[in-house]
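Next up, entry_26.cif (mmCIF, N, CA and C atoms):
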data_run
loop_
_atom_site.label_atom_id
_atom_site.label_comp_id
_atom_site.auth_asym_id
_atom_site.auth_seq_id
_atom_site.Cartn_x
_atom_site.Cartn_y
_atom_site.Cartn_z
N MET A 1 0.84 -1.17 0.00
CA MET A 1 0.00 0.00 0.00
C MET A 1 0.89 1.23 0.00
N ASN A 2 0.77 2.05 -1.02
CA ASN A 2 1.59 3.24 -1.19
C ASN A 2 0.73 4.48 -0.96
N ILE A 3 1.08 5.25 0.04
CA ILE A 3 0.33 6.47 0.36
C ILE A 3 1.21 7.65 0.01
N ALA A 4 0.75 8.43 -0.95
CA ALA A 4 1.50 9.61 -1.36
C ALA A 4 1.18 10.75 -0.40
N ALA A 5 2.20 11.51 -0.05
CA ALA A 5 2.03 12.61 0.91
C ALA A 5 1.10 13.68 0.36
N ASN A 6 1.19 13.97 -0.93
CA ASN A 6 0.34 15.00 -1.53
C ASN A 6 -1.13 14.59 -1.50
N ASN A 7 -1.41 13.32 -1.78
CA ASN A 7 -2.79 12.84 -1.75
C ASN A 7 -3.35 12.93 -0.34
N LEU A 8 -2.55 12.55 0.63
CA LEU A 8 -2.98 12.60 2.02
C LEU A 8 -3.24 14.04 2.46
N TYR A 9 -2.36 14.95 2.06
CA TYR A 9 -2.53 16.36 2.41
C TYR A 9 -3.78 16.94 1.77
N SER A 10 -4.03 16.63 0.50
CA SER A 10 -5.21 17.17 -0.17
C SER A 10 -6.49 16.59 0.43
N GLU A 11 -6.45 15.34 0.84
CA GLU A 11 -7.61 14.74 1.48
C GLU A 11 -7.88 15.39 2.84
N MET A 12 -6.81 15.70 3.59
CA MET A 12 -6.99 16.38 4.87
C MET A 12 -7.56 17.78 4.68
N GLN A 13 -7.14 18.47 3.63
CA GLN A 13 -7.68 19.79 3.35
C GLN A 13 -9.16 19.72 3.01
N SER A 14 -9.56 18.74 2.21
CA SER A 14 -10.97 18.62 1.85
C SER A 14 -11.81 18.25 3.07
N MET A 15 -11.28 17.42 3.96
CA MET A 15 -12.00 17.08 5.18
C MET A 15 -12.14 18.31 6.08
N SER A 16 -11.11 19.15 6.11
CA SER A 16 -11.17 20.37 6.90
C SER A 16 -12.24 21.31 6.36
N LEU A 17 -12.35 21.42 5.04
CA LEU A 17 -13.38 22.27 4.45
C LEU A 17 -14.77 21.73 4.76
N GLN A 18 -14.93 20.41 4.72
CA GLN A 18 -16.23 19.81 5.05
C GLN A 18 -16.58 20.06 6.50
N ALA A 19 -15.58 19.99 7.38
CA ALA A 19 -15.84 20.21 8.80
C ALA A 19 -16.29 21.64 9.05
N THR A 20 -15.68 22.60 8.38
CA THR A 20 -16.10 23.98 8.57
C THR A 20 -17.49 24.22 8.00
N LYS A 21 -17.85 23.47 6.98
CA LYS A 21 -19.19 23.58 6.41
C LYS A 21 -20.23 23.14 7.42
N PHE A 22 -19.95 22.09 8.17
CA PHE A 22 -20.92 21.55 9.12
C PHE A 22 -20.90 22.28 10.46
N GLU A 23 -19.90 23.15 10.70
CA GLU A 23 -19.90 23.94 11.92
C GLU A 23 -21.01 24.96 11.91
N ALA A 24 -21.44 25.37 10.73
CA ALA A 24 -22.50 26.36 10.61
C ALA A 24 -23.88 25.72 10.68
N ASP A 25 -23.94 24.44 11.04
CA ASP A 25 -25.21 23.71 11.12
C ASP A 25 -26.06 24.27 12.26
N PRO A 26 -27.29 24.72 11.97
CA PRO A 26 -28.12 25.31 13.03
C PRO A 26 -28.60 24.29 14.06
N THR A 27 -28.52 22.99 13.75
CA THR A 27 -28.98 21.98 14.70
C THR A 27 -27.88 21.47 15.59
N ALA A 28 -26.68 22.04 15.44
CA ALA A 28 -25.56 21.60 16.28
C ALA A 28 -25.82 21.96 17.73
N ILE A 29 -25.19 21.21 18.61
CA ILE A 29 -25.38 21.44 20.04
C ILE A 29 -24.75 22.77 20.42
N LYS A 30 -25.51 23.63 21.03
CA LYS A 30 -25.05 24.95 21.44
C LYS A 30 -24.82 24.97 22.94
N VAL A 31 -23.74 25.62 23.35
CA VAL A 31 -23.45 25.80 24.77
C VAL A 31 -24.10 27.10 25.21
N PRO A 32 -24.88 27.08 26.27
CA PRO A 32 -25.52 28.32 26.72
C PRO A 32 -24.49 29.37 27.09
N THR A 33 -24.79 30.62 26.77
CA THR A 33 -23.83 31.70 27.04
C THR A 33 -24.04 32.32 28.41
N THR A 34 -25.19 32.11 29.03
CA THR A 34 -25.43 32.69 30.35
C THR A 34 -24.81 31.81 31.41
N THR A 35 -24.20 32.44 32.40
CA THR A 35 -23.55 31.69 33.46
C THR A 35 -24.51 31.36 34.58
N SER A 36 -25.64 32.05 34.65
CA SER A 36 -26.59 31.80 35.72
C SER A 36 -27.74 30.91 35.26
N ALA A 37 -27.49 30.06 34.27
CA ALA A 37 -28.53 29.19 33.74
C ALA A 37 -28.87 28.10 34.74
N ASN A 38 -30.10 27.74 34.79
CA ASN A 38 -30.57 26.68 35.65
C ASN A 38 -30.14 25.34 35.06
N PHE A 39 -29.75 24.39 35.91
CA PHE A 39 -29.30 23.10 35.44
C PHE A 39 -30.39 22.40 34.64
N GLY A 40 -31.63 22.50 35.10
CA GLY A 40 -32.74 21.88 34.39
C GLY A 40 -32.93 22.47 33.01
N ASP A 41 -32.76 23.79 32.89
CA ASP A 41 -32.87 24.44 31.58
C ASP A 41 -31.77 23.99 30.64
N MET A 42 -30.55 23.89 31.18
CA MET A 42 -29.44 23.43 30.36
C MET A 42 -29.65 22.00 29.90
N LEU A 43 -30.16 21.16 30.79
CA LEU A 43 -30.43 19.77 30.43
C LEU A 43 -31.52 19.69 29.37
N GLN A 44 -32.55 20.52 29.52
CA GLN A 44 -33.63 20.53 28.55
C GLN A 44 -33.14 21.00 27.17
N GLN A 45 -32.27 22.00 27.14
CA GLN A 45 -31.70 22.48 25.88
C GLN A 45 -30.88 21.39 25.20
N ALA A 46 -30.12 20.66 26.00
CA ALA A 46 -29.31 19.57 25.44
C ALA A 46 -30.20 18.47 24.87
N MET A 47 -31.27 18.14 25.59
CA MET A 47 -32.20 17.11 25.10
C MET A 47 -32.90 17.57 23.82
N ASP A 48 -33.29 18.84 23.78
CA ASP A 48 -33.92 19.38 22.57
C ASP A 48 -32.96 19.36 21.39
N SER A 49 -31.69 19.64 21.66
CA SER A 49 -30.70 19.64 20.60
C SER A 49 -30.50 18.23 20.04
N VAL A 50 -30.41 17.24 20.92
CA VAL A 50 -30.26 15.85 20.48
C VAL A 50 -31.49 15.42 19.70
N ASN A 51 -32.67 15.81 20.17
CA ASN A 51 -33.90 15.49 19.46
C ASN A 51 -33.92 16.14 18.08
N GLY A 52 -33.47 17.39 17.99
CA GLY A 52 -33.40 18.07 16.70
C GLY A 52 -32.47 17.38 15.73
N LEU A 53 -31.31 16.92 16.24
CA LEU A 53 -30.38 16.19 15.39
C LEU A 53 -31.01 14.90 14.86
N GLN A 54 -31.73 14.18 15.72
CA GLN A 54 -32.35 12.94 15.30
C GLN A 54 -33.48 13.19 14.30
N GLN A 55 -34.26 14.25 14.50
CA GLN A 55 -35.31 14.58 13.54
C GLN A 55 -34.72 14.99 12.20
N ASN A 56 -33.63 15.76 12.22
CA ASN A 56 -32.96 16.16 10.99
C ASN A 56 -32.45 14.93 10.24
N THR A 57 -31.88 13.98 10.97
CA THR A 57 -31.38 12.77 10.35
C THR A 57 -32.52 11.98 9.72
N GLY A 58 -33.63 11.86 10.43
CA GLY A 58 -34.79 11.15 9.88
C GLY A 58 -35.32 11.82 8.63
N ASP A 59 -35.35 13.15 8.64
CA ASP A 59 -35.81 13.89 7.46
C ASP A 59 -34.88 13.66 6.28
N LEU A 60 -33.56 13.72 6.52
CA LEU A 60 -32.60 13.50 5.44
C LEU A 60 -32.70 12.08 4.89
N ARG A 61 -32.87 11.11 5.77
CA ARG A 61 -33.02 9.71 5.31
C ARG A 61 -34.25 9.55 4.45
N THR A 62 -35.36 10.13 4.87
CA THR A 62 -36.60 10.03 4.11
C THR A 62 -36.45 10.69 2.74
N ARG A 63 -35.87 11.88 2.72
CA ARG A 63 -35.67 12.58 1.45
C ARG A 63 -34.74 11.80 0.53
N PHE A 64 -33.69 11.20 1.09
CA PHE A 64 -32.76 10.41 0.27
C PHE A 64 -33.45 9.17 -0.27
N ASP A 65 -34.24 8.50 0.57
CA ASP A 65 -34.96 7.31 0.14
C ASP A 65 -35.99 7.61 -0.95
N GLN A 66 -36.56 8.81 -0.91
CA GLN A 66 -37.56 9.19 -1.90
C GLN A 66 -36.92 9.71 -3.19
N GLY A 67 -35.60 9.80 -3.23
CA GLY A 67 -34.91 10.16 -4.46
C GLY A 67 -34.62 11.64 -4.62
N ASP A 68 -34.65 12.39 -3.54
CA ASP A 68 -34.33 13.82 -3.60
C ASP A 68 -32.85 13.97 -3.96
N ARG A 69 -32.58 14.59 -5.10
CA ARG A 69 -31.20 14.71 -5.59
C ARG A 69 -30.39 15.77 -4.84
N SER A 70 -31.04 16.58 -4.03
CA SER A 70 -30.30 17.59 -3.26
C SER A 70 -29.68 17.00 -2.00
N VAL A 71 -30.02 15.76 -1.68
CA VAL A 71 -29.49 15.09 -0.49
C VAL A 71 -28.58 13.96 -0.94
N SER A 72 -27.32 14.03 -0.54
CA SER A 72 -26.37 12.97 -0.91
C SER A 72 -26.27 11.94 0.21
N LEU A 73 -25.74 10.79 -0.15
CA LEU A 73 -25.55 9.73 0.83
C LEU A 73 -24.60 10.17 1.94
N SER A 74 -23.58 10.93 1.57
CA SER A 74 -22.63 11.39 2.60
C SER A 74 -23.31 12.33 3.60
N ASP A 75 -24.25 13.18 3.13
CA ASP A 75 -24.99 14.05 4.05
C ASP A 75 -25.80 13.22 5.04
N VAL A 76 -26.43 12.17 4.54
CA VAL A 76 -27.24 11.30 5.39
C VAL A 76 -26.37 10.59 6.41
N MET A 77 -25.24 10.07 5.97
CA MET A 77 -24.36 9.33 6.87
C MET A 77 -23.74 10.24 7.93
N ILE A 78 -23.35 11.45 7.54
CA ILE A 78 -22.76 12.38 8.51
C ILE A 78 -23.80 12.78 9.55
N ALA A 79 -25.01 13.08 9.09
CA ALA A 79 -26.08 13.44 10.02
C ALA A 79 -26.40 12.27 10.95
N SER A 80 -26.38 11.07 10.41
CA SER A 80 -26.65 9.89 11.23
C SER A 80 -25.58 9.70 12.30
N GLN A 81 -24.32 9.88 11.93
CA GLN A 81 -23.24 9.74 12.90
C GLN A 81 -23.30 10.83 13.96
N LYS A 82 -23.61 12.06 13.55
CA LYS A 82 -23.72 13.16 14.52
C LYS A 82 -24.83 12.89 15.53
N SER A 83 -25.98 12.44 15.04
CA SER A 83 -27.08 12.18 15.97
C SER A 83 -26.77 10.97 16.85
N GLY A 84 -26.08 9.98 16.30
CA GLY A 84 -25.70 8.81 17.10
C GLY A 84 -24.73 9.17 18.22
N ILE A 85 -23.75 9.99 17.89
CA ILE A 85 -22.77 10.42 18.90
C ILE A 85 -23.44 11.27 19.97
N ALA A 86 -24.33 12.16 19.54
CA ALA A 86 -25.04 13.01 20.50
C ALA A 86 -25.91 12.16 21.43
N PHE A 87 -26.57 11.15 20.88
CA PHE A 87 -27.41 10.27 21.70
C PHE A 87 -26.56 9.47 22.68
N ASP A 88 -25.44 8.93 22.20
CA ASP A 88 -24.55 8.17 23.08
C ASP A 88 -24.02 9.03 24.22
N ALA A 89 -23.66 10.27 23.91
CA ALA A 89 -23.17 11.17 24.95
C ALA A 89 -24.27 11.46 25.97
N THR A 90 -25.49 11.63 25.49
CA THR A 90 -26.62 11.87 26.39
C THR A 90 -26.86 10.69 27.31
N VAL A 91 -26.76 9.50 26.78
CA VAL A 91 -26.94 8.29 27.60
C VAL A 91 -25.82 8.20 28.64
N GLN A 92 -24.60 8.54 28.27
CA GLN A 92 -23.51 8.50 29.23
C GLN A 92 -23.69 9.53 30.34
N VAL A 93 -24.16 10.72 29.99
CA VAL A 93 -24.43 11.73 31.01
C VAL A 93 -25.53 11.25 31.94
N ARG A 94 -26.58 10.67 31.38
CA ARG A 94 -27.67 10.14 32.20
C ARG A 94 -27.16 9.07 33.16
N ASN A 95 -26.32 8.17 32.66
CA ASN A 95 -25.78 7.11 33.51
C ASN A 95 -24.92 7.68 34.64
N LYS A 96 -24.14 8.70 34.35
CA LYS A 96 -23.33 9.33 35.39
C LYS A 96 -24.21 10.02 36.44
N LEU A 97 -25.28 10.68 35.98
CA LEU A 97 -26.19 11.32 36.92
C LEU A 97 -26.86 10.30 37.82
N ILE A 98 -27.29 9.20 37.27
CA ILE A 98 -27.93 8.15 38.08
C ILE A 98 -26.94 7.55 39.05
N GLU A 99 -25.72 7.33 38.58
CA GLU A 99 -24.67 6.78 39.45
C GLU A 99 -24.38 7.73 40.61
N SER A 100 -24.30 9.02 40.31
CA SER A 100 -24.05 10.02 41.35
C SER A 100 -25.20 10.09 42.34
N TYR A 101 -26.42 10.04 41.84
CA TYR A 101 -27.60 10.07 42.70
C TYR A 101 -27.60 8.87 43.64
N LYS A 102 -27.32 7.69 43.13
CA LYS A 102 -27.28 6.48 43.96
C LYS A 102 -26.19 6.58 45.03
N GLU A 103 -25.04 7.15 44.64
CA GLU A 103 -23.95 7.29 45.59
C GLU A 103 -24.32 8.26 46.69
N ILE A 104 -24.95 9.37 46.35
CA ILE A 104 -25.38 10.35 47.35
C ILE A 104 -26.43 9.76 48.26
N MET A 105 -27.37 9.02 47.70
CA MET A 105 -28.45 8.44 48.53
C MET A 105 -27.93 7.35 49.45
N SER A 106 -26.83 6.72 49.12
CA SER A 106 -26.31 5.66 49.98
C SER A 106 -25.39 6.20 51.09
N MET A 107 -25.12 7.50 51.08
CA MET A 107 -24.27 8.09 52.12
C MET A 107 -25.01 8.13 53.45
N PRO A 108 -24.31 7.80 54.52
CA PRO A 108 -24.95 7.91 55.83
C PRO A 108 -25.13 9.38 56.22
N VAL A 109 -26.22 9.65 56.91
CA VAL A 109 -26.51 11.02 57.32
C VAL A 109 -25.95 11.31 58.70
#
With the file now loaded, output its structure as structure tokens.
Amino acid sequence: MNIAANNLYSEMQSMSLQATKFEADPTAIKVPTTTSANFGDMLQQAMDSVNGLQQNTGDLRTRFDQGDRSVSLSDVMIASQKSGIAFDATVQVRNKLIESYKEIMSMPV
């Protein structure tokens, strides 16, 4: 297997351009700018963001399946991976919260 340095560099540049394209995605997870935000509000915003990503992915899949030429397979796969990662992260946060709650409840008073 022969990997040319120029091909690798050009591929990295194209991936960088694609990444900057998806940074402007309005459904991306946003970090709240207020420092006095309520934890429940922040959690609700995160859940809404994950839900939005999953709905966007479902919409792209449906449009691709119906033959919409403006949606490419790569767009569908990237959206699917983004929503999958966001969901996995949400599940991990939930598991940590439950673990912490159980640990606090088991502490002697």
How many Å lie between CA of Ser83 in chain A and CA of Thr57 in chain A, rounded to one decimal? 7.1 Å
For Asp75 in chain A, list every protein, DNA or RNA residue within 8 Å, evaluated using all atoms listed in the file, and leave out those in the same chain fewer than 5 positions away; present the list as a list in words.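 Using all atoms listed in the file, the neighbours found are Thr57, Leu60, Arg61, Ser80 and Gln81 of chain A.
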Take the residues from that selection and put them in a file with N, CA and C atoms, as a PDB file, in the frame of the given file.
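Here's the written file out.pdb:
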ATOM      1  N   THR A  57     -31.880  13.980  10.970  1.00  0.00           N
ATOM      2  CA  THR A  57     -31.380  12.770  10.350  1.00  0.00           C
ATOM      3  C   THR A  57     -32.520  11.980   9.720  1.00  0.00           C
ATOM      4  N   LEU A  60     -33.560  13.720   6.520  1.00  0.00           N
ATOM      5  CA  LEU A  60     -32.600  13.500   5.440  1.00  0.00           C
ATOM      6  C   LEU A  60     -32.700  12.080   4.890  1.00  0.00           C
ATOM      7  N   ARG A  61     -32.870  11.110   5.770  1.00  0.00           N
ATOM      8  CA  ARG A  61     -33.020   9.710   5.310  1.00  0.00           C
ATOM      9  C   ARG A  61     -34.250   9.550   4.450  1.00  0.00           C
ATOM     10  N   SER A  80     -26.380  11.070  10.410  1.00  0.00           N
ATOM     11  CA  SER A  80     -26.650   9.890  11.230  1.00  0.00           C
ATOM     12  C   SER A  80     -25.580   9.700  12.300  1.00  0.00           C
ATOM     13  N   GLN A  81     -24.320   9.880  11.930  1.00  0.00           N
ATOM     14  CA  GLN A  81     -23.240   9.740  12.900  1.00  0.00           C
ATOM     15  C   GLN A  81     -23.300  10.830  13.960  1.00  0.00           C
TER      16      GLN A  81
END
Between atom N of Ser72 in chain A and atom C of Gln45 in chain A, what distance in Å does the model show, to one decimal?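 Answer for the atom N of Ser72 in chain A to atom C of Gln45 in chain A separation: 27.0 Å.
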When distances are computed from only N, CA and C atoms, which of A:Ser100, A:Val93, A:Leu53, A:Thr62 shows the smallest separation from Ala79 in chain A? A:Leu53
Atom C of Met42 in chain A and CA of Gln54 in chain A are how many Å apart?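 Atom C of Met42 in chain A sits 17.4 Å away from CA of Gln54 in chain A.
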Mind giving me the axis-aligned box for range 49-64 of chain A with 5 Å on every side, centre plus edges in Å to one decimal, as lines of an AutoDock Vina configuration file?
center_x = -33.4
center_y = 14.4
center_z = 10.7
size_x = 16.3
size_y = 20.5
size_z = 31.9
From A:Gln13, A:Lys102, A:Pro108, A:Ile85, residue lying nearest Val50 in chain A [only C-alpha atoms]: A:Ile85
